[in-house]
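Raw start-v4.cif, mmCIF, N, CA and C atoms:
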data_model
loop_
_atom_site.label_atom_id
_atom_site.label_comp_id
_atom_site.auth_asym_id
_atom_site.auth_seq_id
_atom_site.Cartn_x
_atom_site.Cartn_y
_atom_site.Cartn_z
N MET Q 1 0.85 -1.17 0.00
CA MET Q 1 0.00 0.00 0.00
C MET Q 1 0.90 1.24 0.00
N THR Q 2 0.52 2.21 -0.78
CA THR Q 2 1.31 3.43 -0.82
C THR Q 2 0.43 4.63 -0.52
N HIS Q 3 1.08 5.75 -0.26
CA HIS Q 3 0.35 6.99 0.01
C HIS Q 3 -0.47 7.41 -1.19
N GLN Q 4 -0.02 7.06 -2.39
CA GLN Q 4 -0.76 7.45 -3.60
C GLN Q 4 -1.99 6.58 -3.80
N GLN Q 5 -1.91 5.33 -3.40
CA GLN Q 5 -3.04 4.41 -3.58
C GLN Q 5 -4.12 4.61 -2.54
N ASP Q 6 -3.74 5.10 -1.37
CA ASP Q 6 -4.70 5.21 -0.28
C ASP Q 6 -4.40 6.44 0.58
N PRO Q 7 -5.16 7.51 0.38
CA PRO Q 7 -4.93 8.72 1.17
C PRO Q 7 -5.06 8.48 2.68
N ALA Q 8 -5.89 7.53 3.10
CA ALA Q 8 -6.02 7.22 4.52
C ALA Q 8 -4.70 6.68 5.07
N TYR Q 9 -4.01 5.90 4.27
CA TYR Q 9 -2.70 5.37 4.66
C TYR Q 9 -1.73 6.52 4.91
N ALA Q 10 -1.72 7.49 4.03
CA ALA Q 10 -0.85 8.65 4.19
C ALA Q 10 -1.18 9.39 5.48
N GLY Q 11 -2.46 9.51 5.79
CA GLY Q 11 -2.88 10.16 7.02
C GLY Q 11 -2.41 9.40 8.25
N LEU Q 12 -2.49 8.10 8.21
CA LEU Q 12 -2.01 7.29 9.33
C LEU Q 12 -0.51 7.43 9.50
N GLN Q 13 0.22 7.54 8.41
CA GLN Q 13 1.66 7.74 8.50
C GLN Q 13 1.98 9.09 9.13
N ARG Q 14 1.21 10.12 8.80
CA ARG Q 14 1.40 11.43 9.42
C ARG Q 14 1.12 11.36 10.93
N GLU Q 15 0.06 10.65 11.30
CA GLU Q 15 -0.26 10.50 12.72
C GLU Q 15 0.86 9.77 13.45
N LEU Q 16 1.40 8.75 12.84
CA LEU Q 16 2.51 8.01 13.45
C LEU Q 16 3.71 8.92 13.66
N GLY Q 17 4.05 9.70 12.67
CA GLY Q 17 5.17 10.63 12.80
C GLY Q 17 4.95 11.67 13.87
N ALA Q 18 3.71 12.05 14.07
CA ALA Q 18 3.40 13.08 15.06
C ALA Q 18 3.60 12.59 16.50
N LEU Q 19 3.77 11.30 16.67
CA LEU Q 19 4.00 10.75 18.01
C LEU Q 19 5.40 11.06 18.53
N SER Q 20 6.29 11.47 17.65
CA SER Q 20 7.66 11.78 18.04
C SER Q 20 7.91 13.27 17.89
N ARG Q 21 8.76 13.81 18.76
CA ARG Q 21 9.11 15.22 18.62
C ARG Q 21 10.10 15.44 17.49
N VAL Q 22 10.74 14.36 17.03
CA VAL Q 22 11.69 14.44 15.92
C VAL Q 22 11.16 13.53 14.82
N SER Q 23 10.52 14.11 13.83
CA SER Q 23 9.99 13.29 12.75
C SER Q 23 9.88 14.10 11.47
N ARG Q 24 9.83 13.38 10.40
CA ARG Q 24 9.52 13.97 9.11
C ARG Q 24 9.04 12.84 8.22
N SER Q 25 8.30 13.19 7.23
CA SER Q 25 7.79 12.20 6.28
C SER Q 25 8.56 12.38 4.98
N GLN Q 26 9.10 11.29 4.51
CA GLN Q 26 9.86 11.34 3.27
C GLN Q 26 9.48 10.15 2.41
N ILE Q 27 9.18 10.42 1.17
CA ILE Q 27 8.80 9.38 0.22
C ILE Q 27 9.98 9.15 -0.72
N VAL Q 28 10.37 7.90 -0.87
CA VAL Q 28 11.44 7.54 -1.80
C VAL Q 28 10.75 7.06 -3.07
N ALA Q 29 10.74 7.91 -4.08
CA ALA Q 29 10.02 7.61 -5.32
C ALA Q 29 10.51 6.31 -5.94
N GLY Q 30 9.57 5.46 -6.28
CA GLY Q 30 9.88 4.21 -6.95
C GLY Q 30 10.38 3.11 -6.03
N ALA Q 31 10.44 3.38 -4.74
CA ALA Q 31 10.99 2.39 -3.81
C ALA Q 31 9.96 1.34 -3.44
N ARG Q 32 10.47 0.17 -3.13
CA ARG Q 32 9.71 -0.92 -2.54
C ARG Q 32 10.43 -1.26 -1.23
N HIS Q 33 9.82 -2.07 -0.40
CA HIS Q 33 10.46 -2.39 0.88
C HIS Q 33 11.87 -2.93 0.66
N ASP Q 34 12.03 -3.86 -0.26
CA ASP Q 34 13.35 -4.45 -0.46
C ASP Q 34 14.32 -3.49 -1.13
N SER Q 35 13.85 -2.63 -1.99
CA SER Q 35 14.77 -1.73 -2.69
C SER Q 35 15.34 -0.64 -1.77
N LEU Q 36 14.69 -0.43 -0.62
CA LEU Q 36 15.24 0.54 0.34
C LEU Q 36 16.60 0.06 0.86
N LEU Q 37 16.86 -1.23 0.74
CA LEU Q 37 18.14 -1.79 1.13
C LEU Q 37 19.01 -2.18 -0.05
N THR Q 38 18.39 -2.64 -1.13
CA THR Q 38 19.16 -3.22 -2.23
C THR Q 38 19.51 -2.24 -3.34
N ASP Q 39 18.78 -1.15 -3.46
CA ASP Q 39 19.08 -0.14 -4.47
C ASP Q 39 19.96 0.94 -3.83
N ARG Q 40 21.12 1.17 -4.40
CA ARG Q 40 22.10 2.07 -3.79
C ARG Q 40 21.52 3.47 -3.53
N SER Q 41 20.81 4.03 -4.49
CA SER Q 41 20.28 5.39 -4.30
C SER Q 41 19.16 5.41 -3.26
N HIS Q 42 18.32 4.37 -3.23
CA HIS Q 42 17.27 4.30 -2.22
C HIS Q 42 17.88 4.15 -0.84
N ALA Q 43 18.89 3.29 -0.72
CA ALA Q 43 19.55 3.07 0.57
C ALA Q 43 20.23 4.35 1.05
N ALA Q 44 20.80 5.11 0.13
CA ALA Q 44 21.44 6.38 0.50
C ALA Q 44 20.41 7.36 1.04
N THR Q 45 19.24 7.38 0.46
CA THR Q 45 18.17 8.26 0.95
C THR Q 45 17.75 7.86 2.36
N VAL Q 46 17.64 6.56 2.60
CA VAL Q 46 17.28 6.07 3.94
C VAL Q 46 18.38 6.44 4.93
N THR Q 47 19.63 6.24 4.55
CA THR Q 47 20.76 6.58 5.41
C THR Q 47 20.74 8.07 5.76
N ASP Q 48 20.51 8.91 4.78
CA ASP Q 48 20.43 10.36 5.03
C ASP Q 48 19.30 10.69 6.01
N ALA Q 49 18.16 10.01 5.87
CA ALA Q 49 17.03 10.25 6.77
C ALA Q 49 17.38 9.82 8.20
N ILE Q 50 18.06 8.70 8.34
CA ILE Q 50 18.47 8.24 9.67
C ILE Q 50 19.44 9.23 10.30
N HIS Q 51 20.38 9.71 9.52
CA HIS Q 51 21.32 10.72 10.03
C HIS Q 51 20.59 11.99 10.44
N TRP Q 52 19.57 12.38 9.70
CA TRP Q 52 18.79 13.57 10.04
C TRP Q 52 18.14 13.39 11.43
N VAL Q 53 17.57 12.22 11.67
CA VAL Q 53 16.93 11.96 12.96
C VAL Q 53 17.96 12.01 14.09
N ILE Q 54 19.12 11.39 13.86
CA ILE Q 54 20.18 11.40 14.87
C ILE Q 54 20.64 12.83 15.16
N ASP Q 55 20.85 13.59 14.11
CA ASP Q 55 21.34 14.96 14.26
C ASP Q 55 20.33 15.90 14.91
N ASN Q 56 19.05 15.60 14.74
CA ASN Q 56 18.01 16.48 15.25
C ASN Q 56 17.33 15.96 16.51
N GLY Q 57 17.78 14.83 16.99
CA GLY Q 57 17.14 14.20 18.15
C GLY Q 57 17.63 14.61 19.44
#

Could you quickly redo this structure as structure tokens?
Amino acid sequence: MTHQQDPAYAGLQRELGALSRVSRSQIVAGARHDSLLTDRSHAATVTDAIHWVIDNG
């Protein structure tokens, strides 16, 4: 399920992010669960997001 296929899903993701004082929503275009690890550019985006949380936490 993606944010584009189901607006309610996107809303739930926003609610989940709001539970933390350090959060942001980022969509990796064209990504699938496995490609977030196996595709170099997708993995780099995830790594950058993790660093952002660490730096802002």

Atom-to-atom span, atom C of Val53 of chain Q and atom CA of Val22 of chain Q, Å: 7.0 Å

Å distance separating atom C of Ala31 of chain Q from atom C of Gly57 of chain Q, one decimal place: 27.5 Å

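Atom to atom, atom C of Ala10 of chain Q and atom C of Ala29 of chain Q stand 16.6 Å apart.
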
Within 10 Å of segment 49-51 of chain Q using only C-alpha atoms, minus same-chain residues under 6 positions, as a ChimeraX atom specification: /Q:23-26,43,57

Selected residue, from Q:Asp34, Q:Gly11, Q:Arg21, Q:Val28, that lies nearest to Val46 of chain Q when counting only C-alpha atoms: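 Closest candidate: Q:Val28.
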